[in-house]
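S.K.: Here you go, this is model-v4.cif (mmCIF, C-alpha atoms and all ligand atoms).
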data_start
loop_
_atom_site.label_atom_id
_atom_site.label_comp_id
_atom_site.auth_asym_id
_atom_site.auth_seq_id
_atom_site.Cartn_x
_atom_site.Cartn_y
_atom_site.Cartn_z
CA MET A 1479 126.78 15.01 -7.64
CA ALA A 1480 125.74 13.16 -10.78
CA GLN A 1481 121.98 13.13 -11.47
CA GLN A 1482 120.39 9.75 -10.78
CA SER A 1483 118.86 8.11 -13.82
CA ALA A 1484 115.01 8.20 -13.70
CA ILE A 1485 114.95 4.47 -14.46
CA SER A 1486 116.83 2.66 -11.68
CA PRO A 1487 118.36 -0.84 -12.02
CA ARG A 1488 115.46 -2.02 -9.81
CA THR A 1489 113.00 -0.92 -12.50
CA HIS A 1490 114.85 -3.13 -15.01
CA LEU A 1491 115.25 -6.06 -12.64
CA ARG A 1492 111.66 -6.15 -11.38
CA PRO A 1493 110.01 -7.55 -14.55
CA ILE A 1494 112.83 -10.10 -14.94
CA ILE A 1495 112.46 -11.38 -11.37
CA LEU A 1496 108.65 -11.37 -11.58
CA GLY A 1497 108.79 -13.21 -14.93
CA MET A 1498 111.07 -15.89 -13.43
CA LEU A 1499 108.80 -16.36 -10.41
CA ASP A 1500 105.75 -16.45 -12.69
CA SER A 1501 107.25 -19.20 -14.85
CA LEU A 1502 107.65 -21.25 -11.65
CA HIS A 1503 103.99 -20.49 -10.72
CA LEU A 1504 105.37 -18.66 -7.69
CA GLY A 1505 104.57 -15.09 -8.73
CA LEU A 1506 101.82 -14.35 -6.25
CA VAL A 1507 103.33 -16.25 -3.31
CA GLY A 1508 106.78 -14.74 -3.95
CA SER A 1509 105.46 -11.21 -4.26
CA ASN A 1510 103.29 -11.48 -1.12
CA LEU A 1511 106.15 -12.96 0.87
CA TYR A 1512 108.58 -10.29 -0.31
CA HIS A 1513 106.18 -7.48 0.64
CA ARG A 1514 105.35 -9.05 4.00
CA VAL A 1515 109.03 -9.42 4.97
CA LYS A 1516 109.64 -5.85 3.78
CA TYR A 1517 106.77 -4.63 5.96
CA TYR A 1518 107.98 -6.38 9.12
CA ALA A 1519 111.47 -5.01 8.52
CA ASP A 1520 110.10 -1.49 8.06
CA VAL A 1521 110.13 -0.31 11.66
CA LYS A 1522 109.04 3.22 10.71
CA THR A 1523 105.79 2.03 9.05
CA LEU A 1524 105.14 -0.49 11.85
CA PHE A 1525 105.53 2.29 14.41
CA ARG A 1526 103.39 4.77 12.42
CA ASN A 1527 100.66 2.14 11.98
CA ALA A 1528 100.65 1.35 15.70
CA ARG A 1529 100.36 5.07 16.57
CA TYR A 1530 97.57 5.59 14.02
CA ARG A 1531 95.66 2.60 15.36
CA ILE A 1532 95.96 3.80 18.96
CA HIS A 1533 94.52 7.22 18.02
CA GLY A 1534 91.90 5.61 15.75
CA ALA A 1535 90.77 6.60 12.27
CA PRO A 1536 89.27 10.11 12.07
CA ASP A 1537 85.87 8.68 11.03
CA GLY A 1538 85.58 6.72 14.31
CA LEU A 1539 85.29 3.38 12.49
CA PRO A 1540 87.71 0.47 13.06
CA LEU A 1541 90.73 0.09 10.80
CA PRO A 1542 91.27 -3.20 8.95
CA PRO A 1543 94.27 -5.37 9.87
CA ALA A 1544 97.43 -4.70 7.85
CA ARG A 1545 97.08 -7.95 5.86
CA LEU A 1546 93.64 -6.84 4.54
CA ILE A 1547 94.92 -3.34 3.81
CA TYR A 1548 97.70 -4.96 1.78
CA LEU A 1549 95.27 -7.22 -0.10
CA SER A 1550 93.16 -4.20 -1.02
CA VAL A 1551 95.74 -1.59 -1.90
CA GLY A 1552 99.07 -3.39 -2.24
CA GLY A 1553 100.63 -1.44 0.68
CA TRP A 1554 100.64 -1.65 4.47
CA ASP A 1555 100.33 1.93 5.61
CA ALA A 1556 97.08 2.34 7.62
CA GLU A 1557 97.03 6.13 7.50
CA GLY A 1558 97.80 6.10 3.76
CA PHE A 1559 94.94 3.61 3.27
CA TYR A 1560 92.52 5.85 5.18
CA GLN A 1561 93.59 9.09 3.47
CA ALA A 1562 93.45 7.51 -0.01
CA GLY A 1563 89.85 6.50 0.79
CA VAL A 1564 88.97 10.08 1.78
CA LEU A 1565 90.54 11.31 -1.44
CA ASP A 1566 88.77 8.74 -3.64
CA ALA A 1567 85.37 9.37 -2.04
CA SER A 1568 85.79 13.10 -2.65
CA ASN A 1569 86.87 12.40 -6.25
CA ILE A 1570 83.73 10.31 -6.76
CA ARG A 1571 81.57 13.09 -5.30
CA ARG A 1572 83.26 15.71 -7.45
CA LEU A 1573 82.99 13.70 -10.66
CA LEU A 1574 79.29 13.15 -10.01
CA GLU A 1575 78.73 16.82 -9.15
CA GLU A 1576 80.51 17.95 -12.29
CA ASN A 1577 77.94 15.91 -14.19
CA GLY A 1578 74.96 17.34 -12.32
CA LEU A 1579 74.62 14.33 -9.96
CA ALA A 1580 74.78 13.96 -6.18
CA ILE A 1581 75.54 10.74 -4.35
CA GLU A 1582 72.96 11.63 -1.67
CA LYS A 1583 70.22 11.51 -4.30
CA PHE A 1584 70.87 7.85 -5.19
CA PRO A 1585 68.61 5.46 -3.22
CA GLU A 1586 70.80 2.35 -3.89
CA ILE A 1587 74.54 2.26 -4.55
CA LEU A 1588 77.04 -0.60 -4.89
CA ASP A 1589 80.81 -0.72 -4.41
CA PHE A 1590 81.85 -3.65 -6.61
CA GLY A 1591 85.20 -5.10 -5.44
CA CYS A 1592 84.97 -3.08 -2.20
CA GLY A 1593 87.90 -4.91 -0.54
CA CYS A 1594 88.11 -3.98 3.16
CA GLY A 1595 85.94 -0.91 2.71
CA ARG A 1596 88.47 1.82 1.93
CA ILE A 1597 85.89 3.89 0.03
CA ILE A 1598 82.58 2.52 1.27
CA ARG A 1599 83.34 3.57 4.87
CA GLN A 1600 83.16 7.16 3.63
CA TRP A 1601 79.42 6.75 2.88
CA LYS A 1602 78.46 6.20 6.52
CA GLY A 1603 76.77 9.61 6.61
CA LEU A 1604 74.46 8.90 3.64
CA LEU A 1605 71.27 8.49 5.61
CA ARG A 1606 68.82 8.08 2.74
CA THR A 1607 71.02 5.86 0.57
CA LYS A 1608 71.18 2.08 0.94
CA VAL A 1609 74.86 1.24 0.59
CA HIS A 1610 76.02 -2.20 -0.66
CA GLY A 1611 79.44 -3.76 -1.12
CA THR A 1612 80.58 -6.98 -2.71
CA ASP A 1613 83.93 -8.69 -3.23
CA TYR A 1614 85.20 -12.20 -3.91
CA ASN A 1615 87.56 -11.92 -0.95
CA TYR A 1616 85.73 -13.62 1.90
CA ALA A 1617 88.05 -12.33 4.67
CA ALA A 1618 87.66 -8.71 3.53
CA ILE A 1619 83.85 -9.03 3.43
CA GLU A 1620 83.74 -10.71 6.84
CA TRP A 1621 85.72 -7.79 8.26
CA CYS A 1622 83.43 -5.23 6.53
CA ARG A 1623 80.34 -6.93 7.95
CA ARG A 1624 81.66 -6.60 11.48
CA ALA A 1625 83.23 -3.13 11.22
CA LEU A 1626 80.91 -1.23 8.85
CA PRO A 1627 77.39 -2.22 9.90
CA PHE A 1628 75.69 0.67 8.07
CA ALA A 1629 76.17 -1.16 4.73
CA ASP A 1630 75.09 -4.54 3.35
CA PHE A 1631 77.98 -6.80 2.27
CA ARG A 1632 78.05 -9.89 0.08
CA THR A 1633 80.64 -12.17 -1.40
CA ASN A 1634 80.65 -13.17 -5.05
CA SER A 1635 82.60 -15.60 -7.20
CA THR A 1636 85.47 -14.45 -9.38
CA ALA A 1637 83.21 -14.91 -12.42
CA PRO A 1638 79.68 -13.47 -12.72
CA SER A 1639 76.97 -13.45 -11.54
CA LEU A 1640 75.97 -11.26 -8.57
CA ALA A 1641 73.03 -11.99 -6.29
CA TYR A 1642 71.23 -8.71 -7.02
CA ASP A 1643 68.05 -8.14 -9.01
CA ASP A 1644 68.07 -6.64 -12.49
CA ASN A 1645 67.97 -2.82 -12.59
CA LYS A 1646 68.52 -2.49 -8.82
CA PHE A 1647 71.17 0.21 -8.51
CA ASP A 1648 71.20 3.92 -9.28
CA PHE A 1649 74.97 3.99 -9.05
CA VAL A 1650 77.66 1.29 -9.11
CA TYR A 1651 81.37 1.94 -8.89
CA ALA A 1652 84.34 -0.40 -9.33
CA ARG A 1653 87.55 1.28 -8.18
CA SER A 1654 90.65 -0.53 -9.40
CA VAL A 1655 88.87 -3.84 -10.01
CA PHE A 1656 88.91 -4.16 -13.82
CA THR A 1657 92.65 -3.46 -13.38
CA HIS A 1658 92.97 -7.04 -12.04
CA LEU A 1659 90.57 -9.07 -14.18
CA THR A 1660 91.65 -11.46 -16.91
CA GLU A 1661 90.59 -10.71 -20.48
CA GLN A 1662 87.96 -13.50 -20.35
CA LEU A 1663 86.26 -11.84 -17.39
CA GLN A 1664 86.32 -8.21 -18.53
CA LYS A 1665 83.23 -8.23 -20.75
CA PRO A 1666 81.17 -10.72 -18.68
CA TRP A 1667 81.65 -8.52 -15.60
CA MET A 1668 80.73 -5.40 -17.53
CA ASP A 1669 77.56 -7.15 -18.79
CA GLU A 1670 76.75 -8.18 -15.23
CA LEU A 1671 77.19 -4.66 -13.88
CA ARG A 1672 75.00 -3.34 -16.72
CA ARG A 1673 72.33 -5.85 -15.74
CA ILE A 1674 72.08 -4.56 -12.17
CA VAL A 1675 72.24 -0.81 -12.99
CA LYS A 1676 68.84 0.86 -13.54
CA PRO A 1677 68.12 2.19 -17.03
CA GLY A 1678 69.43 5.76 -16.86
CA GLY A 1679 71.63 4.81 -13.85
CA PHE A 1680 75.39 5.25 -13.65
CA LEU A 1681 78.53 3.10 -13.54
CA LEU A 1682 81.92 4.50 -12.57
CA PHE A 1683 85.03 2.39 -13.00
CA THR A 1684 88.77 2.92 -13.16
CA VAL A 1685 91.49 1.23 -15.22
CA HIS A 1686 95.23 1.41 -15.72
CA GLY A 1687 95.49 3.52 -18.83
CA ALA A 1688 98.70 4.84 -20.28
CA SER A 1689 100.16 6.22 -17.03
CA ARG A 1690 102.36 3.25 -16.01
CA PHE A 1691 102.65 2.01 -19.56
CA ASP A 1692 106.38 2.59 -19.98
CA LYS A 1693 107.37 1.28 -16.52
CA GLN A 1694 105.29 -1.90 -16.41
CA LEU A 1695 104.83 -3.12 -19.97
CA THR A 1696 107.41 -4.82 -22.18
CA PRO A 1697 108.01 -3.26 -25.62
CA GLY A 1698 105.78 -5.98 -27.18
CA GLU A 1699 103.00 -5.27 -24.71
CA GLN A 1700 103.35 -1.54 -25.31
CA GLU A 1701 102.85 -2.19 -29.02
CA HIS A 1702 99.62 -4.14 -28.32
CA PHE A 1703 98.42 -1.34 -26.07
CA THR A 1704 99.19 1.32 -28.68
CA ARG A 1705 97.19 -0.69 -31.23
CA GLY A 1706 94.18 -0.46 -28.88
CA GLN A 1707 94.42 -3.97 -27.44
CA LEU A 1708 93.89 -4.90 -23.80
CA VAL A 1709 97.10 -6.08 -22.11
CA VAL A 1710 96.83 -8.41 -19.11
CA LYS A 1711 100.00 -9.23 -17.20
CA TYR A 1712 100.15 -12.42 -15.12
CA PRO A 1713 96.59 -13.62 -15.98
CA ARG A 1714 97.30 -16.80 -14.00
CA TYR A 1715 96.69 -14.72 -10.88
CA GLY A 1716 93.48 -13.12 -12.21
CA SER A 1717 91.49 -11.11 -9.62
CA SER A 1718 94.53 -10.68 -7.35
CA ASN A 1719 96.49 -7.42 -7.37
CA PHE A 1720 99.41 -9.30 -8.94
CA CYS A 1721 97.45 -9.61 -12.20
CA GLY A 1722 97.49 -6.23 -13.94
CA ALA A 1723 95.20 -5.25 -16.83
CA PHE A 1724 96.02 -2.20 -18.95
CA HIS A 1725 93.16 -0.66 -20.94
CA PRO A 1726 93.65 1.66 -23.90
CA GLU A 1727 90.87 4.26 -24.11
CA SER A 1728 89.71 2.92 -27.50
CA TYR A 1729 89.29 -0.60 -26.03
CA VAL A 1730 87.12 0.72 -23.19
CA ARG A 1731 84.95 2.77 -25.51
CA LYS A 1732 84.58 0.03 -28.13
CA HIS A 1733 84.20 -3.07 -25.95
CA LEU A 1734 83.48 -2.31 -22.29
CA ALA A 1735 81.19 0.70 -22.66
CA LYS A 1736 78.74 -1.16 -24.95
CA GLY A 1737 75.15 -0.45 -23.88
CA PHE A 1738 76.26 2.67 -22.00
CA THR A 1739 76.93 6.28 -22.91
CA VAL A 1740 80.33 7.60 -21.81
CA VAL A 1741 79.34 10.62 -19.73
CA ASP A 1742 82.81 11.56 -18.52
CA TYR A 1743 86.41 10.39 -18.87
CA ILE A 1744 89.26 11.56 -16.61
CA PRO A 1745 92.66 10.21 -17.66
CA GLU A 1746 95.07 9.53 -14.80
CA GLY A 1747 92.79 10.88 -12.09
CA GLY A 1748 93.07 10.40 -8.30
CA ALA A 1749 95.34 8.08 -6.32
CA TRP A 1750 97.28 5.53 -8.47
CA ALA A 1751 96.82 7.70 -11.61
CA GLN A 1752 94.17 5.45 -13.14
CA ASP A 1753 91.72 6.47 -15.88
CA TRP A 1754 88.18 7.13 -14.62
CA TYR A 1755 85.09 6.47 -16.75
CA LEU A 1756 81.58 7.54 -15.80
CA LEU A 1757 78.99 5.68 -17.89
CA GLN A 1758 75.19 5.95 -18.06
CA LYS A 1759 73.09 2.92 -18.89
CA LEU A 1760 70.97 3.46 -21.96
CA GLY A 1761 67.26 3.60 -21.12
C1 LIG B 1801 93.13 -2.98 -5.86
S1 LIG B 1801 91.89 -3.70 -4.89
C2 LIG B 1801 90.77 -2.32 -4.71
C3 LIG B 1801 89.84 -2.47 -3.56
C4 LIG B 1801 88.82 -1.34 -3.43
N1 LIG B 1801 88.01 -1.23 -4.61
C5 LIG B 1801 89.54 -0.05 -3.15
O1 LIG B 1801 89.57 0.81 -4.04
O2 LIG B 1801 90.08 0.09 -2.06
C6 LIG B 1801 91.02 -4.74 -6.02
C7 LIG B 1801 89.79 -5.35 -5.41
O3 LIG B 1801 89.04 -6.03 -6.40
C8 LIG B 1801 88.56 -7.22 -5.85
N2 LIG B 1801 88.23 -8.13 -6.95
C9 LIG B 1801 89.05 -8.62 -7.90
N3 LIG B 1801 88.38 -9.44 -8.71
C10 LIG B 1801 87.09 -9.44 -8.28
C11 LIG B 1801 85.92 -10.12 -8.70
N4 LIG B 1801 85.94 -10.96 -9.75
N5 LIG B 1801 84.78 -9.91 -8.03
C12 LIG B 1801 84.76 -9.06 -6.96
N6 LIG B 1801 85.84 -8.41 -6.51
C13 LIG B 1801 87.00 -8.60 -7.16
C14 LIG B 1801 89.71 -7.70 -4.97
O4 LIG B 1801 89.32 -8.67 -4.02
C15 LIG B 1801 90.13 -6.38 -4.33
O5 LIG B 1801 89.38 -6.12 -3.17
#
For the structure just supplied, provide its representation as structure tokens.
Ligand SMILES: C[S@@+](CC[C@H](N)C(=O)[O-])C[C@H]1O[C@@H](n2cnc3c(N)ncnc32)[C@H](O)[C@@H]1O
M.R.:
Amino acid sequence: MAQQSAISPRTHLRPIILGMLDSLHLGLVGSNLYHRVKYYADVKTLFRNARYRIHGAPDGLPLPPARLIYLSVGGWDAEGFYQAGVLDASNIRRLLEENGLAIEKFPEILDFGCGCGRIIRQWKGLLRTKVHGTDYNYAAIEWCRRALPFADFRTNSTAPSLAYDDNKFDFVYARSVFTHLTEQLQKPWMDELRRIVKPGGFLLFTVHGASRFDKQLTPGEQEHFTRGQLVVKYPRYGSSNFCGAFHPESYVRKHLAKGFTVVDYIPEGGAWAQDWYLLQKLG
């Protein structure tokens, strides 16, 4: 049998269809509708989700409804959502440990853009750490407040600021959040996160680096990226998962990491092959 080409016709068609929907201002609605119909037609995933919900998540905490799972991770699979959270929490622990740090030793931590608590639920056992989460998505935060009572949850606006004091947190992480911010909001949010991290404290964040570069960027966008420029696709839908920001390493180091030291950098780490940066706020 002939080998299938690595790039399928769907890969070529996707940006064309998305571009057409975007020009009609229907990108986000069209994409959400398409994925929702696909989910309800996917009997296998519906059945697997129902079975997983009946047995309950291994951590004994409730599972978010499928629509919140989708808003957080762009997929509907409840078990996949849970397992990706286990994996990401262990990646965070490992990255900290490799740099001589332990999450248990931080008195105050914040999950910025926590969604419906995929990662934060993994910190239930941190008895001496005050755990906080914030997101602009009101429905996700309402769900977190009810289901994950061990943490404090707040909502914020899509643009800064946050309702936390200066220098409050020992550790803040933003997992796949800068991946969805418009260019105008990238630096203001970084400044805001720097404001609330203690001097000597740490910020971990992830971005789309070069991993999906060839599949998701047009040749012109690839050229910008290669020249070290930030590329933001569909900025009209900023802060939603439909808006995708792609960060070259040089852009992060030159613009976003200002006022921090880059302590560690893991290209294409963890689920979704994003680049991980661990920064320390200058004293
Ligand atoms: C891909 S999801 C990741 C959710 C979560 N961090 C996780 O890893 O499961 C992106 C998250 O960023 C949140 N977000 C996007 N823009 C934001 C903003 N300006 N302020 C707070 N949260 C934001 C979205 O609501 C969404 O929950």
S.K.: With only C-alpha atoms as the counted atoms, please give the residues lying no more than 7 Å from stretch 1705-1710 of chain A, apart from itself and same-chain residues fewer than 6 positions off, as a list in words.
M.R.: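 Contacts, in chain order: Thr1660, Glu1661, Glu1699, Gly1722, Ala1723, Phe1724, His1725, Pro1726, Ser1728 and Tyr1729 of chain A.
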S.K.: Just need the box for stretch 1663-1675 of chain A, edges along x, y and z, holding every atom the file lists for it with 4 Å tacked onto each side, so centre and edge lengths in Å to one decimal, as lines of an AutoDock Vina configuration file.
M.R.:
center_x = 79.2
center_y = -6.3
center_z = -16.5
size_x = 22.2
size_y = 19.0
size_z = 16.6
S.K.: Write out as a VMD selection string each polymer residue (protein, DNA or RNA) that has an atom no more than 9 Å from ligand LIG 1801 (chain B), with all atoms listed in the file counted.
M.R.: chain A and resid 1546 to 1552 1559 1562 to 1563 1566 1589 to 1598 1612 to 1616 1618 1633 to 1638 1640 1651 to 1659 1663 1667 1716 to 1719
S.K.: Excluding A:His1513 and its own-chain neighbours fewer than 3 positions away, which residues fall within 9 Å of it when counting only C-alpha atoms? Please give them as a list in words.
M.R.: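 Near neighbours after the sequence-gap exclusion: Gly1508, Ser1509, Asn1510, Lys1516, Tyr1517, Tyr1518, Tyr1548, Gly1552, Gly1553 and Trp1554 of chain A.
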S.K.: Just checking: using all atoms listed in the file, which residue out of A:Ala1556, A:Leu1524, A:Ala1617, A:Leu1756 ends up closest to A:Asn1569?
M.R.: A:Leu1756
S.K.: How many Å lie between atom CA of A:Leu1605 and atom CA of A:Gly1761, rounded to one decimal?
M.R.: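 Interatomic distance, atom CA of A:Leu1605 to atom CA of A:Gly1761: 27.5 Å.
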S.K.: State, in Å with one decimal place, the distance from atom CA of A:Val1507 to atom CA of A:Gln1664.
M.R.: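 Value for the atom CA of A:Val1507-atom CA of A:Gln1664 distance: 24.2 Å.
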S.K.: Show me, as a list of chain:residue names, the residues that have an atom within 6 Å of stretch 1737-1748 of chain A when counting all atoms listed in the file, minus same-chain residues fewer than 3 positions from it.
M.R.: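 The filter keeps A:Ala1751, A:Gln1752, A:Asp1753, A:Trp1754, A:Tyr1755, A:Leu1756, A:Leu1757, A:Gln1758, A:Lys1759, A:Leu1760.
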S.K.: Looking at only C-alpha atoms, which of A:Trp1750, A:Arg1731, A:Ile1532, A:Gln1662 is the one that sits closest to A:His1686?
M.R.: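 Result for the nearest residue to A:His1686: A:Trp1750.
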S.K.: What is the atom CA of A:Pro1677 to atom CA of A:Leu1604 distance in Å?
M.R.: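 Separation of atom CA of A:Pro1677 and atom CA of A:Leu1604: 22.6 Å.
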S.K.: Would you mind listing what lies within 9 Å of A:Arg1599 as a list in words, with all atoms listed in the file counted and same-chain residues fewer than 5 positions away left out?
M.R.: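 Listed by chain and then number, they are Asp1537, Leu1539, Gly1563, Cys1622, Leu1626, Phe1628 and Ala1629 of chain A.
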S.K.: Measuring atom to atom with all atoms listed in the file, identify which of A:Gly1497, A:Gly1687, A:Pro1543, A:Pro1585 is nearest to A:Val1609.
M.R.: A:Pro1585
S.K.: Using only C-alpha atoms, which of the listed residues (A:Phe1525, A:Arg1672, A:Lys1665, A:Glu1701) sits closest to A:Lys1732?
M.R.: A:Lys1665
S.K.: Which residue is closest to A:Leu1504? Choose from A:Phe1649, A:Val1730, A:Tyr1712, A:Gln1600 and count all atoms listed in the file.
M.R.: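 Ranked by minimum distance to A:Leu1504, first place goes to A:Tyr1712.
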S.K.: Counting only C-alpha atoms, which residue out of A:Glu1727, A:Asp1643, A:Glu1620, A:Glu1576 sits closest to A:Lys1676?
M.R.: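 Closest to A:Lys1676 of all the choices is A:Asp1643.
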